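Colleague: Sharing structure.txt below, compact mmCIF, C-alpha atoms:
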# COMPACT_ATOMS: atom_id res chain seq x y z
CA MET F 24 58.78 131.56 81.86
CA SER F 25 58.25 134.40 84.34
CA GLU F 26 59.53 137.87 83.51
CA THR F 27 60.97 138.33 87.01
CA PRO F 28 63.86 135.91 87.64
CA ILE F 29 63.58 133.43 90.51
CA ARG F 30 65.81 134.84 93.25
CA VAL F 31 68.22 132.31 94.79
CA VAL F 32 70.56 132.40 97.82
CA LEU F 33 73.37 129.83 98.14
CA VAL F 34 74.46 128.68 101.61
CA ASP F 35 77.52 126.39 101.81
CA ASP F 36 80.83 126.57 103.65
CA GLN F 37 82.82 125.62 100.53
CA ALA F 38 83.53 128.70 98.42
CA LEU F 39 84.45 126.63 95.36
CA PHE F 40 81.14 124.72 95.51
CA ARG F 41 79.20 128.00 95.80
CA ALA F 42 81.09 129.44 92.83
CA GLY F 43 80.18 126.42 90.70
CA ILE F 44 76.50 126.57 91.64
CA ARG F 45 76.41 130.35 91.08
CA MET F 46 77.82 129.89 87.58
CA VAL F 47 75.19 127.26 86.73
CA VAL F 48 72.28 129.26 88.17
CA ASP F 49 73.32 132.63 86.74
CA SER F 50 73.64 131.09 83.25
CA GLN F 51 69.82 130.84 83.16
CA PRO F 52 67.71 133.84 82.09
CA ASP F 53 64.93 132.98 84.57
CA LEU F 54 67.20 132.50 87.62
CA GLU F 55 69.38 134.92 89.58
CA VAL F 56 71.74 134.43 92.56
CA VAL F 57 71.06 137.34 94.94
CA GLY F 58 73.30 136.31 97.83
CA GLU F 59 75.72 133.78 99.33
CA ALA F 60 76.60 132.67 102.86
CA ALA F 61 79.25 130.36 104.32
CA ASP F 62 77.42 129.32 107.48
CA GLY F 63 73.95 129.30 109.01
CA ALA F 64 74.35 132.50 111.03
CA GLU F 65 75.47 134.43 107.94
CA ALA F 66 72.60 132.78 106.02
CA LEU F 67 70.05 134.35 108.39
CA ARG F 68 71.43 137.83 107.69
CA VAL F 69 71.76 137.35 103.92
CA VAL F 70 68.35 135.72 103.41
CA ARG F 71 66.52 138.31 105.51
CA ALA F 72 68.22 141.14 103.61
CA ALA F 73 67.93 139.67 100.07
CA ARG F 74 64.45 138.08 100.48
CA PRO F 75 65.04 135.29 97.91
CA ASP F 76 62.39 132.94 96.54
CA VAL F 77 64.53 129.82 97.02
CA VAL F 78 67.45 129.02 99.35
CA LEU F 79 69.90 126.18 98.68
CA MET F 80 71.03 125.26 102.21
CA ASP F 81 73.93 122.95 103.07
CA ILE F 82 73.14 120.78 106.09
CA ARG F 83 76.60 120.54 107.70
CA MET F 84 78.36 123.88 108.29
CA PRO F 85 80.37 125.60 111.05
CA VAL F 86 78.98 128.30 113.42
CA MET F 87 75.34 127.32 112.80
CA ASP F 88 74.34 124.27 110.79
CA GLY F 89 71.71 124.17 108.07
CA LEU F 90 69.07 122.55 110.28
CA ALA F 91 69.19 125.34 112.86
CA ALA F 92 69.27 128.06 110.18
CA THR F 93 66.34 126.47 108.34
CA ALA F 94 64.25 126.27 111.53
CA GLU F 95 64.86 129.98 112.23
CA LEU F 96 64.10 131.10 108.67
CA LEU F 97 60.89 129.07 108.49
CA ALA F 98 59.66 130.85 111.61
CA ASP F 99 59.86 134.19 109.76
CA PRO F 100 56.73 135.62 108.12
CA ALA F 101 56.58 134.65 104.41
CA PRO F 102 59.74 132.50 104.45
CA PRO F 103 61.46 131.36 101.24
CA ARG F 104 61.37 127.81 99.93
CA ILE F 105 64.41 126.01 101.35
CA VAL F 106 66.10 123.07 99.63
CA MET F 107 68.62 121.12 101.70
CA LEU F 108 71.95 120.15 100.11
CA THR F 109 73.37 116.84 101.28
CA THR F 110 76.13 114.39 100.38
CA PHE F 111 74.07 111.29 101.23
CA ASP F 112 70.84 110.22 99.54
CA LEU F 113 69.53 108.72 102.81
CA ASP F 114 70.40 111.50 105.24
CA GLU F 115 68.48 111.56 108.51
CA ALA F 116 69.24 115.28 108.86
CA ALA F 117 67.55 115.94 105.51
CA ALA F 118 64.47 114.04 106.70
CA ARG F 119 64.41 116.16 109.88
CA ALA F 120 64.75 119.39 107.89
CA ILE F 121 61.88 118.46 105.58
CA ARG F 122 59.69 117.49 108.55
CA GLN F 123 60.29 120.94 110.03
CA GLY F 124 59.30 122.64 106.77
CA ALA F 125 62.10 122.50 104.17
CA SER F 126 60.78 122.02 100.63
CA GLY F 127 63.01 119.10 99.63
CA PHE F 128 66.58 117.93 99.35
CA LEU F 129 69.22 117.66 96.64
CA LEU F 130 72.43 115.67 96.46
CA LYS F 131 75.47 117.93 96.14
CA ASP F 132 76.67 115.91 93.15
CA ALA F 133 73.36 116.24 91.27
CA ASP F 134 73.54 117.03 87.56
CA PRO F 135 73.35 120.79 86.85
CA GLU F 136 70.13 120.31 84.83
CA PHE F 137 68.52 118.52 87.78
CA LEU F 138 69.57 121.31 90.13
CA LEU F 139 68.03 123.95 87.85
CA ALA F 140 64.84 121.91 87.45
CA ALA F 141 64.63 121.50 91.24
CA ILE F 142 64.81 125.26 91.83
CA ARG F 143 62.03 125.85 89.29
CA THR F 144 59.93 122.97 90.67
CA VAL F 145 60.11 124.23 94.25
CA HIS F 146 59.31 127.77 93.17
CA ALA F 147 56.31 126.65 91.09
CA GLY F 148 55.06 124.30 93.81
CA SER F 149 53.59 121.90 91.24
CA ALA F 150 55.63 118.79 92.13
CA VAL F 151 57.98 117.27 94.71
CA ILE F 152 61.71 117.23 93.92
CA ALA F 153 62.92 113.64 93.43
CA ALA F 154 59.61 112.27 94.67
CA SER F 155 60.68 108.61 94.89
CA ALA F 156 63.88 109.54 96.74
CA THR F 157 61.87 111.73 99.15
CA ARG F 158 59.45 108.89 99.88
CA GLU F 159 62.38 106.50 100.40
CA LEU F 160 63.90 109.00 102.84
CA PHE F 161 60.77 108.99 105.01
CA ALA F 162 60.41 105.22 104.76
CA GLN F 163 64.03 104.88 105.95
CA PHE F 164 63.62 107.31 108.86
CA PRO F 165 60.02 106.93 110.06
CA GLU F 166 58.73 108.86 113.05
CA GLU F 167 57.28 106.31 115.47
CA PRO F 168 54.56 105.78 116.30
CA SER F 169 52.21 107.03 113.58
CA GLU F 170 50.16 109.94 114.85
CA PRO F 171 46.34 109.69 114.76
CA VAL F 172 44.84 111.19 111.61
CA PRO F 173 43.71 114.76 112.39
CA ALA F 174 40.02 115.65 112.13
CA ALA F 175 40.90 118.02 109.28
CA TYR F 176 41.55 115.02 107.01
CA ASP F 177 37.91 113.97 107.44
CA GLU F 178 36.88 117.31 105.93
CA LEU F 179 38.41 116.37 102.56
CA THR F 180 35.87 115.43 99.90
CA GLU F 181 36.11 112.02 98.25
CA ARG F 182 37.69 113.62 95.17
CA GLU F 183 40.19 115.52 97.34
CA ARG F 184 41.17 112.28 99.10
CA GLU F 185 41.81 110.63 95.73
CA ILE F 186 44.04 113.53 94.69
CA PHE F 187 45.70 113.60 98.14
CA ALA F 188 46.66 109.93 97.71
CA LEU F 189 48.24 110.57 94.30
CA ALA F 190 50.06 113.70 95.50
CA ALA F 191 51.32 111.76 98.54
CA ARG F 192 52.96 109.34 96.10
CA GLY F 193 54.80 112.33 94.61
CA LEU F 194 52.84 112.66 91.36
CA SER F 195 52.96 116.10 89.74
CA ASN F 196 49.89 118.13 88.74
CA ALA F 197 50.34 116.99 85.13
CA GLU F 198 50.57 113.31 86.14
CA ILE F 199 47.49 113.55 88.37
CA ALA F 200 45.57 115.40 85.63
CA ALA F 201 46.36 112.66 83.09
CA ARG F 202 45.41 109.87 85.50
CA GLU F 203 42.17 111.46 86.70
CA TYR F 204 41.09 112.97 83.34
CA LEU F 205 41.15 116.49 84.77
CA SER F 206 42.76 119.72 83.62
CA GLU F 207 45.99 120.77 85.36
CA ALA F 208 44.20 123.92 86.53
CA THR F 209 41.53 121.80 88.26
CA VAL F 210 44.21 119.65 89.93
CA LYS F 211 46.03 122.79 91.10
CA THR F 212 42.78 124.09 92.64
CA HIS F 213 42.19 120.76 94.41
CA ILE F 214 45.77 120.68 95.73
CA SER F 215 45.45 124.27 97.02
CA ARG F 216 42.25 123.35 98.87
CA ILE F 217 43.81 120.20 100.34
CA LEU F 218 46.87 122.13 101.58
CA ALA F 219 44.62 124.82 103.08
CA LYS F 220 42.32 122.32 104.83
CA LEU F 221 45.28 120.41 106.29
CA SER F 222 47.26 123.60 107.10
CA LEU F 223 50.21 122.36 105.03
CA ARG F 224 52.72 124.69 103.42
CA ASP F 225 53.54 122.76 100.27
CA ARG F 226 53.44 119.41 98.53
CA VAL F 227 56.45 117.93 100.28
CA GLN F 228 54.70 118.64 103.59
CA LEU F 229 51.73 116.71 102.19
CA VAL F 230 54.05 113.71 101.66
CA VAL F 231 55.33 114.10 105.25
CA PHE F 232 51.73 114.30 106.53
CA ALA F 233 50.82 111.10 104.68
CA PHE F 234 53.78 109.21 106.15
CA GLU F 235 53.30 110.50 109.68
CA HIS F 236 49.63 109.49 109.74
CA GLY F 237 49.90 106.16 107.99
CA LEU F 238 48.21 107.43 104.81
CA ALA F 239 51.13 106.88 102.42
Is it possible to express this structure as structure tokens?
Modeller:
Amino acid sequence: MSETPIRVVLVDDQALFRAGIRMVVDSQPDLEVVGEAADGAEALRVVRAARPDVVLMDIRMPVMDGLAATAELLADPAPPRIVMLTTFDLDEAAARAIRQGASGFLLKDADPEFLLAAIRTVHAGSAVIAASATRELFAQFPEEPSEPVPAAYDELTEREREIFALAARGLSNAEIAAREYLSEATVKTHISRILAKLSLRDRVQLVVFAFEHGLA
């Protein structure tokens, strides 16, 4: 567990919902809520001032919705990880947000333990939140037609392509390590190289890449 708490900002137009999430997050020694906002425009100000590690962003809000706020924040230098909060498990808006760079989505009625695990997972970058649900989301809302596979994919080694395929299915570093008889550190190194070669920000973007290019 890191000595410095993971800094979290909550963005939702329902004050009662924010209060509940704050209570859950602040109960953990390794997590800390450093700001709240009730709409997307306020979120821009709060996030840029507080510089959190992770933002929990509601999709549907007044003034500026979560999609617009997410797009603006991801254009900033060194943006935070952003997790979309949604009421529906198959939400086209969540798929759009992830395609534009959000790090995953969570249902607003998720168990508190799952919410806490999701924040830690996104911050660590070692797995995809709710991998099967994320894959189902992209299968439900495909972008047509599939784009041609970029030349950068051809630069992956055979081993990197094997690991890419497993990561695209949502497997964590630990799961890939067990399957391929590698150490987790070696898998992490491979994943870092794959993301760098493909100019991808994180593992969920790797899943998006695989779907968009017919590699999933």
Colleague: To one decimal place in Å, what is the distance between atom CA of Arg68 of chain F and atom CA of Ala116 of chain F?
Modeller: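 So the answer is 22.7 Å.
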Colleague: Set the distance at 12 Å and use all atoms listed in the file: which residues neighbour segment 140-146 of chain F once local chain neighbours fewer than 3 positions away are removed? I'd like the list as a ChimeraX atom specification.
Modeller: /F:24-25,28-33,44,47-48,51,53-56,75-79,103-108,125-130,133-137,149-154,195-196,224-227
Colleague: May I have the centre and edge lengths, in Å to one decimal, of an axis-aligned box around the listed atoms of segment 180-189 of chain F with 6 Å added to every side, as JSON?
Modeller:
{"center_x": 42.1, "center_y": 112.7, "center_z": 97.1, "size_x": 24.4, "size_y": 17.6, "size_z": 17.6}
Colleague: Which is closest to Glu59 of chain F among F:Val34, F:Met80, F:Ile199, F:Ile214, if we use all atoms listed in the file?
Modeller: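 Of F:Val34, F:Met80, F:Ile199, F:Ile214, the one nearest Glu59 of chain F, counting all atoms listed in the file, is F:Val34.
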Colleague: Nearest to Asp81 of chain F among F:Arg184, F:Arg119, F:Arg202, F:Lys131, with distances taken over only C-alpha atoms: which residue is it?
Modeller: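 Nearest to Asp81 of chain F: F:Lys131.
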Colleague: Near segment 229-237 of chain F, counting only C-alpha atoms, which residues have an atom at most 9 Å away, once you skip same-chain residues fewer than 5 positions from it, shown as a VMD selection string?
Modeller: chain F and resid 121 to 122 151 157 to 158 161 to 162 165 to 173 187 to 188 190 to 193 217 to 218 221 223 to 224
Colleague: In the coordinates of the file, take the point (39.3, 115.7, 99.0) and a cut-off of 12 Å; then, counting all atoms listed in the file, name each qualifying protein, DNA or RNA residue as JSON, numbers by chain.
Modeller: {"F": [175, 176, 177, 178, 179, 180, 181, 182, 183, 184, 185, 186, 187, 188, 189, 190, 210, 212, 213, 214, 215, 216, 217, 218, 219, 220, 221]}
